[in-house]
Amino acid sequence: NVYVLRCLWGPSIKDRKKVEEEFEYYKKSGIKLWLYEYWGTYNQGMPWNVTHMISWEAKLLKSVNGFGMRVESATQYANSGLTNYVGAKLLWNPQLNTDSLVQVFIEGYYGKAAPLIRRYLDGLEALPKPSLRIAEHVDTHWLTDSFLEKADRLWRDAETVVADDTGRAYNVRMGRLSIVYTRLMRKLKRLEKSVWLCEMPVSNAEREEMAGEIEWIRQRMKEAHRPISFSEYESH
């Protein structure tokens with residue numbers, strides 16, 4: 001018996017047909033296939049949504065009588081609960097409708113804030129993305145400042161909508177972490193590249209905004225039910 005462990009990282013694949021042909025070869029050769037996959041990015045906890053990738057991989061694995069899938073999914077807080085739920089459902093039944101599963105999850109997990117989170121997810125899906133890397137940088141060009149600003153407004157509005165629902169308010173705050181942290185790290189990274197020709201490279205307003213974001217993140221770390229990890233290498 002021959003088993004092949006294949007680390008795929010679906011978002012980076014540009015030619016799915018080539019992968020499907022490779023897997024069909026394994027099937028015809030009697031090789032048992034096991035996937036090793038990442039359902040999130042491992043740099044700065046950025047807000048990826050890979051549910052449609054999971055759908056494709058689940059169907060592909062079933063079509064070649066795959067042995068199973070080992071998954072890493074932890075740090076992209078805006079979507080980790082979503083991808084884990086959808087992924088688990090699809091691994092049981094790859095024919096389930098991905099969009100319907102997403103809707104069931106956000107309605108149950110975010111309650112009255114679900115329409116706002118849906119707008120965030122739809123906006124993220126609509127961004128013109130190239131293939132993704134596992135450790136994408138915070139200043140990746142396709143994740144625009146304007147989108148992150150709009151996303152943060154949606155998550156802030158979502159907090160307000162569920163303010164009287166303790167459990168779902170917590171879920172929203174934890175989900176917003178990816179957005180706030182990515183925006184903050186992007187600002188700090190750009191400051192590192194600035195040429196300091198004056199005593200104050202940022203305005204007082206910008207300084208106060210970043211201080212507020214740092215304090216907001218610190219408060220989320222204090223209330224979190226588990227250690228918060230923003231990368232594969234650091235927990236807080």
# chains A, B, ... in the order shown; residues from 1 in each chain; ligands from 1
$ residues_around --residues "Tyr85 of chain A" --least-positions-apart "6" --cutoff "9 Å" --atoms "only C-alpha atoms" --output "ChimeraX atom specification"
/A:101-102,105
$ residues_around --residues "Met174 of chain A" --least-positions-apart "5" --cutoff "12 Å" --atoms "only C-alpha atoms" --output "PyMOL selection string"
chain A and resi 45+47+75-81+109-110+155-156+158-159+167-169+179-181+216-229
$ write_last_selection --atoms "N, CA, C and O atoms" --output "compact mmCIF listing (two decimals), in the first residue's frame"
# COMPACT_ATOMS: atom_id res chain seq x y z
N GLY A 45 -2.55 37.15 10.74
CA GLY A 45 -3.96 36.85 10.95
C GLY A 45 -4.89 37.54 9.98
O GLY A 45 -5.99 37.93 10.34
N PRO A 47 -7.55 38.55 6.92
CA PRO A 47 -8.92 38.03 6.78
C PRO A 47 -9.22 37.31 5.48
O PRO A 47 -9.99 37.79 4.65
N THR A 75 -5.57 31.33 12.61
CA THR A 75 -5.23 32.72 12.90
C THR A 75 -6.05 33.78 12.20
O THR A 75 -5.98 34.94 12.58
N GLN A 76 -6.81 33.44 11.16
CA GLN A 76 -7.54 34.50 10.45
C GLN A 76 -8.88 34.69 11.14
O GLN A 76 -9.90 34.16 10.76
N TYR A 77 -8.89 35.50 12.20
CA TYR A 77 -10.02 35.53 13.11
C TYR A 77 -11.33 35.93 12.46
O TYR A 77 -12.41 35.51 12.88
N ALA A 78 -11.29 36.78 11.44
CA ALA A 78 -12.54 37.20 10.80
C ALA A 78 -13.26 36.04 10.13
O ALA A 78 -14.46 36.11 9.90
N ASN A 79 -12.54 34.95 9.84
CA ASN A 79 -13.16 33.86 9.08
C ASN A 79 -12.87 32.46 9.62
O ASN A 79 -13.33 31.48 9.04
N SER A 80 -12.12 32.32 10.70
CA SER A 80 -11.71 30.98 11.12
C SER A 80 -12.90 30.11 11.53
O SER A 80 -12.98 28.94 11.15
N GLY A 81 -13.84 30.66 12.29
CA GLY A 81 -15.02 29.88 12.66
C GLY A 81 -15.81 29.47 11.44
O GLY A 81 -16.29 28.34 11.33
N TYR A 109 -24.10 32.44 14.14
CA TYR A 109 -22.94 32.91 14.91
C TYR A 109 -23.00 34.41 15.21
O TYR A 109 -22.56 34.85 16.27
N TYR A 110 -23.55 35.18 14.27
CA TYR A 110 -23.58 36.64 14.43
C TYR A 110 -24.97 37.21 14.63
O TYR A 110 -25.11 38.41 14.87
N TRP A 155 -17.76 45.91 10.52
CA TRP A 155 -17.60 45.17 11.76
C TRP A 155 -17.95 46.03 12.97
O TRP A 155 -18.53 45.53 13.95
N ARG A 156 -17.61 47.33 12.92
CA ARG A 156 -17.99 48.23 14.02
C ARG A 156 -19.51 48.34 14.10
O ARG A 156 -20.08 48.31 15.20
N ALA A 158 -21.56 46.14 13.13
CA ALA A 158 -22.04 44.84 13.61
C ALA A 158 -21.97 44.77 15.14
O ALA A 158 -22.86 44.21 15.80
N GLU A 159 -20.90 45.32 15.72
CA GLU A 159 -20.79 45.37 17.19
C GLU A 159 -21.97 46.10 17.79
O GLU A 159 -22.53 45.69 18.81
N GLY A 167 -23.14 36.88 23.84
CA GLY A 167 -22.37 35.88 23.12
C GLY A 167 -22.01 36.31 21.71
O GLY A 167 -20.86 36.18 21.28
N ARG A 168 -22.98 36.85 21.00
CA ARG A 168 -22.71 37.25 19.62
C ARG A 168 -21.88 38.53 19.56
O ARG A 168 -21.13 38.73 18.60
N ALA A 169 -22.01 39.39 20.54
CA ALA A 169 -21.16 40.58 20.59
C ALA A 169 -19.70 40.17 20.74
O ALA A 169 -18.80 40.76 20.11
N ILE A 179 -9.25 42.53 11.03
CA ILE A 179 -9.29 43.79 10.31
C ILE A 179 -8.47 44.86 11.04
O ILE A 179 -7.63 45.54 10.44
N VAL A 180 -8.72 45.00 12.34
CA VAL A 180 -8.02 46.04 13.11
C VAL A 180 -6.52 45.78 13.12
O VAL A 180 -5.71 46.69 12.91
N TYR A 181 -6.14 44.53 13.33
CA TYR A 181 -4.71 44.20 13.41
C TYR A 181 -4.02 44.41 12.06
O TYR A 181 -2.90 44.94 12.00
N TRP A 216 -7.47 48.74 21.75
CA TRP A 216 -8.61 47.88 21.43
C TRP A 216 -8.16 46.43 21.31
O TRP A 216 -8.81 45.52 21.84
N ILE A 217 -7.04 46.20 20.63
CA ILE A 217 -6.51 44.85 20.48
C ILE A 217 -6.12 44.28 21.84
O ILE A 217 -6.38 43.11 22.16
N ARG A 218 -5.50 45.11 22.68
CA ARG A 218 -5.10 44.65 24.02
C ARG A 218 -6.32 44.20 24.83
O ARG A 218 -6.27 43.18 25.53
N GLN A 219 -7.42 44.93 24.72
CA GLN A 219 -8.64 44.56 25.43
C GLN A 219 -9.21 43.24 24.91
O GLN A 219 -9.72 42.43 25.68
N ARG A 220 -9.11 43.03 23.59
CA ARG A 220 -9.60 41.76 23.04
C ARG A 220 -8.75 40.60 23.53
O ARG A 220 -9.25 39.51 23.76
N MET A 221 -7.45 40.82 23.69
CA MET A 221 -6.57 39.76 24.20
C MET A 221 -6.97 39.39 25.63
O MET A 221 -6.94 38.22 26.01
N LYS A 222 -7.36 40.39 26.40
CA LYS A 222 -7.72 40.15 27.79
C LYS A 222 -9.03 39.37 27.89
O LYS A 222 -9.20 38.54 28.79
N GLU A 223 -9.97 39.62 26.98
CA GLU A 223 -11.27 38.97 27.09
C GLU A 223 -11.36 37.65 26.33
O GLU A 223 -12.32 36.91 26.48
N ALA A 224 -10.36 37.35 25.50
CA ALA A 224 -10.42 36.15 24.65
C ALA A 224 -10.49 34.89 25.50
O ALA A 224 -9.86 34.79 26.56
N HIS A 225 -11.24 33.92 25.01
CA HIS A 225 -11.40 32.64 25.71
C HIS A 225 -10.22 31.71 25.48
O HIS A 225 -10.15 30.64 26.08
N ARG A 226 -9.33 32.08 24.60
CA ARG A 226 -8.16 31.26 24.30
C ARG A 226 -7.02 32.17 23.87
O ARG A 226 -7.25 33.34 23.56
N PRO A 227 -5.77 31.67 23.86
CA PRO A 227 -4.65 32.52 23.42
C PRO A 227 -4.88 33.02 21.99
O PRO A 227 -5.38 32.29 21.14
N ILE A 228 -4.52 34.26 21.75
CA ILE A 228 -4.67 34.85 20.42
C ILE A 228 -3.35 34.75 19.68
O ILE A 228 -2.30 35.17 20.17
N SER A 229 -3.40 34.19 18.49
CA SER A 229 -2.21 34.05 17.65
C SER A 229 -2.42 34.80 16.35
O SER A 229 -3.38 34.52 15.63
$ atom_distance --atom1 "atom CA of Ser63 of chain A" --atom2 "atom CA of Leu82 of chain A"
24.5 Å
$ select_by_dssp --residues "chain A" --states "alpha helix (DSSP H)" --output "PyMOL selection string"
chain A and resi 16-28+51-63+80-92+98-110+114-126+145-161+166-193+204-223
$ select_by_dssp --residues "segment 46-184 of chain A" --states "strand (DSSP E or B)" --output "list in words"
Gly68, Met69, Arg70, Val71 and Glu72 of chain A
$ residues_around --residues "Pro115 of chain A" --least-positions-apart "3" --cutoff "12 Å" --atoms "only C-alpha atoms" --output "number ranges by chain"
A: 102-112, 118-122, 154-155, 157-158, 161-162
$ closest_residue --among "A:Thr51, A:Asn84, A:Ser178, A:Ser203" --to "Val71 of chain A" --atoms "only C-alpha atoms"
A:Asn84
$ atom_distance --atom1 "atom CA of Glu21 of chain A" --atom2 "atom CA of Leu35 of chain A"
15.5 Å
$ atom_distance --atom1 "atom CA of Asp139 of chain A" --atom2 "atom CA of Glu215 of chain A"
22.0 Å
$ residues_around --residues "Trp142 of chain A" --least-positions-apart "5" --cutoff "10 Å" --atoms "only C-alpha atoms" --output "PyMOL selection string"
chain A and resi 127-130+147
$ decode --residues "segment 52-88 of chain A" --atoms "N, CA, C and O atoms" --output "short mmCIF file (atom, residue, chain, number, x, y, z; two decimals), in the first residue's frame"
data_model
loop_
_atom_site.label_atom_id
_atom_site.label_comp_id
_atom_site.auth_asym_id
_atom_site.auth_seq_id
_atom_site.Cartn_x
_atom_site.Cartn_y
_atom_site.Cartn_z
N HIS A 52 -14.79 28.50 -0.75
CA HIS A 52 -14.98 27.93 -2.08
C HIS A 52 -13.81 27.02 -2.48
O HIS A 52 -13.99 26.07 -3.23
N MET A 53 -12.62 27.33 -1.99
CA MET A 53 -11.48 26.44 -2.20
C MET A 53 -11.74 25.10 -1.52
O MET A 53 -11.48 24.03 -2.08
N ILE A 54 -12.27 25.15 -0.30
CA ILE A 54 -12.56 23.92 0.44
C ILE A 54 -13.57 23.06 -0.32
O ILE A 54 -13.44 21.84 -0.39
N SER A 55 -14.57 23.71 -0.89
CA SER A 55 -15.59 22.98 -1.66
C SER A 55 -14.95 22.22 -2.81
O SER A 55 -15.24 21.03 -3.03
N TRP A 56 -14.08 22.89 -3.56
CA TRP A 56 -13.41 22.24 -4.69
C TRP A 56 -12.56 21.07 -4.21
O TRP A 56 -12.60 19.97 -4.79
N GLU A 57 -11.80 21.27 -3.15
CA GLU A 57 -10.91 20.22 -2.66
C GLU A 57 -11.69 19.02 -2.11
O GLU A 57 -11.27 17.87 -2.29
N ALA A 58 -12.79 19.29 -1.43
CA ALA A 58 -13.60 18.18 -0.89
C ALA A 58 -14.16 17.32 -2.02
O ALA A 58 -14.15 16.09 -1.94
N LYS A 59 -14.66 17.97 -3.07
CA LYS A 59 -15.16 17.23 -4.23
C LYS A 59 -14.03 16.44 -4.90
O LYS A 59 -14.21 15.28 -5.31
N LEU A 60 -12.87 17.08 -5.02
CA LEU A 60 -11.73 16.44 -5.66
C LEU A 60 -11.27 15.22 -4.86
O LEU A 60 -11.01 14.15 -5.43
N LEU A 61 -11.19 15.36 -3.56
CA LEU A 61 -10.74 14.27 -2.71
C LEU A 61 -11.70 13.08 -2.80
O LEU A 61 -11.26 11.93 -2.88
N LYS A 62 -12.98 13.36 -2.82
CA LYS A 62 -13.97 12.28 -2.91
C LYS A 62 -13.90 11.58 -4.27
O LYS A 62 -14.04 10.36 -4.36
N SER A 63 -13.66 12.36 -5.33
CA SER A 63 -13.66 11.79 -6.68
C SER A 63 -12.53 10.80 -6.89
O SER A 63 -12.61 9.92 -7.76
N VAL A 64 -11.45 10.93 -6.11
CA VAL A 64 -10.31 10.02 -6.26
C VAL A 64 -10.20 9.05 -5.08
O VAL A 64 -9.17 8.43 -4.87
N ASN A 65 -11.31 8.96 -4.31
CA ASN A 65 -11.33 8.07 -3.14
C ASN A 65 -10.20 8.39 -2.17
O ASN A 65 -9.51 7.50 -1.68
N GLY A 66 -10.02 9.68 -1.92
CA GLY A 66 -8.95 10.11 -1.02
C GLY A 66 -9.10 9.56 0.38
O GLY A 66 -10.21 9.28 0.85
N PHE A 67 -7.97 9.46 1.05
CA PHE A 67 -7.93 8.86 2.38
C PHE A 67 -8.41 9.84 3.44
O PHE A 67 -9.05 9.47 4.42
N GLY A 68 -8.11 11.12 3.27
CA GLY A 68 -8.51 12.10 4.27
C GLY A 68 -7.78 13.42 4.08
O GLY A 68 -7.01 13.60 3.13
N MET A 69 -8.03 14.34 4.99
CA MET A 69 -7.41 15.66 4.91
C MET A 69 -7.01 16.12 6.30
O MET A 69 -7.80 16.08 7.24
N ARG A 70 -5.75 16.56 6.42
CA ARG A 70 -5.29 17.18 7.66
C ARG A 70 -5.25 18.69 7.43
O ARG A 70 -4.75 19.16 6.42
N VAL A 71 -5.78 19.44 8.40
CA VAL A 71 -5.96 20.88 8.18
C VAL A 71 -5.34 21.70 9.31
O VAL A 71 -5.40 21.31 10.48
N GLU A 72 -4.75 22.82 8.94
CA GLU A 72 -4.35 23.85 9.90
C GLU A 72 -5.25 25.06 9.68
O GLU A 72 -5.35 25.57 8.57
N SER A 73 -5.90 25.51 10.75
CA SER A 73 -6.78 26.67 10.64
C SER A 73 -6.86 27.32 12.00
O SER A 73 -7.38 26.74 12.94
N ALA A 74 -6.33 28.56 12.10
CA ALA A 74 -6.34 29.17 13.43
C ALA A 74 -6.37 30.69 13.43
O ALA A 74 -7.13 31.29 14.17
N THR A 75 -5.57 31.33 12.61
CA THR A 75 -5.23 32.72 12.90
C THR A 75 -6.05 33.78 12.20
O THR A 75 -5.98 34.94 12.58
N GLN A 76 -6.81 33.44 11.16
CA GLN A 76 -7.54 34.50 10.45
C GLN A 76 -8.88 34.69 11.14
O GLN A 76 -9.90 34.16 10.76
N TYR A 77 -8.89 35.50 12.20
CA TYR A 77 -10.02 35.53 13.11
C TYR A 77 -11.33 35.93 12.46
O TYR A 77 -12.41 35.51 12.88
N ALA A 78 -11.29 36.78 11.44
CA ALA A 78 -12.54 37.20 10.80
C ALA A 78 -13.26 36.04 10.13
O ALA A 78 -14.46 36.11 9.90
N ASN A 79 -12.54 34.95 9.84
CA ASN A 79 -13.16 33.86 9.08
C ASN A 79 -12.87 32.46 9.62
O ASN A 79 -13.33 31.48 9.04
N SER A 80 -12.12 32.32 10.70
CA SER A 80 -11.71 30.98 11.12
C SER A 80 -12.90 30.11 11.53
O SER A 80 -12.98 28.94 11.15
N GLY A 81 -13.84 30.66 12.29
CA GLY A 81 -15.02 29.88 12.66
C GLY A 81 -15.81 29.47 11.44
O GLY A 81 -16.29 28.34 11.33
N LEU A 82 -15.93 30.40 10.49
CA LEU A 82 -16.67 30.14 9.26
C LEU A 82 -16.03 29.01 8.46
O LEU A 82 -16.71 28.06 8.04
N THR A 83 -14.73 29.09 8.22
CA THR A 83 -14.07 28.06 7.42
C THR A 83 -14.10 26.70 8.12
O THR A 83 -14.25 25.67 7.46
N ASN A 84 -13.96 26.68 9.43
CA ASN A 84 -14.00 25.40 10.15
C ASN A 84 -15.38 24.75 10.04
O ASN A 84 -15.50 23.54 9.83
N TYR A 85 -16.42 25.55 10.17
CA TYR A 85 -17.78 25.03 10.07
C TYR A 85 -18.08 24.52 8.66
O TYR A 85 -18.52 23.38 8.47
N VAL A 86 -17.84 25.39 7.69
CA VAL A 86 -18.12 25.02 6.30
C VAL A 86 -17.26 23.83 5.87
O VAL A 86 -17.74 22.89 5.22
N GLY A 87 -15.99 23.86 6.25
CA GLY A 87 -15.09 22.77 5.88
C GLY A 87 -15.53 21.44 6.45
O GLY A 87 -15.52 20.42 5.75
N ALA A 88 -15.93 21.43 7.73
CA ALA A 88 -16.39 20.18 8.35
C ALA A 88 -17.62 19.63 7.64
O ALA A 88 -17.72 18.43 7.37
#
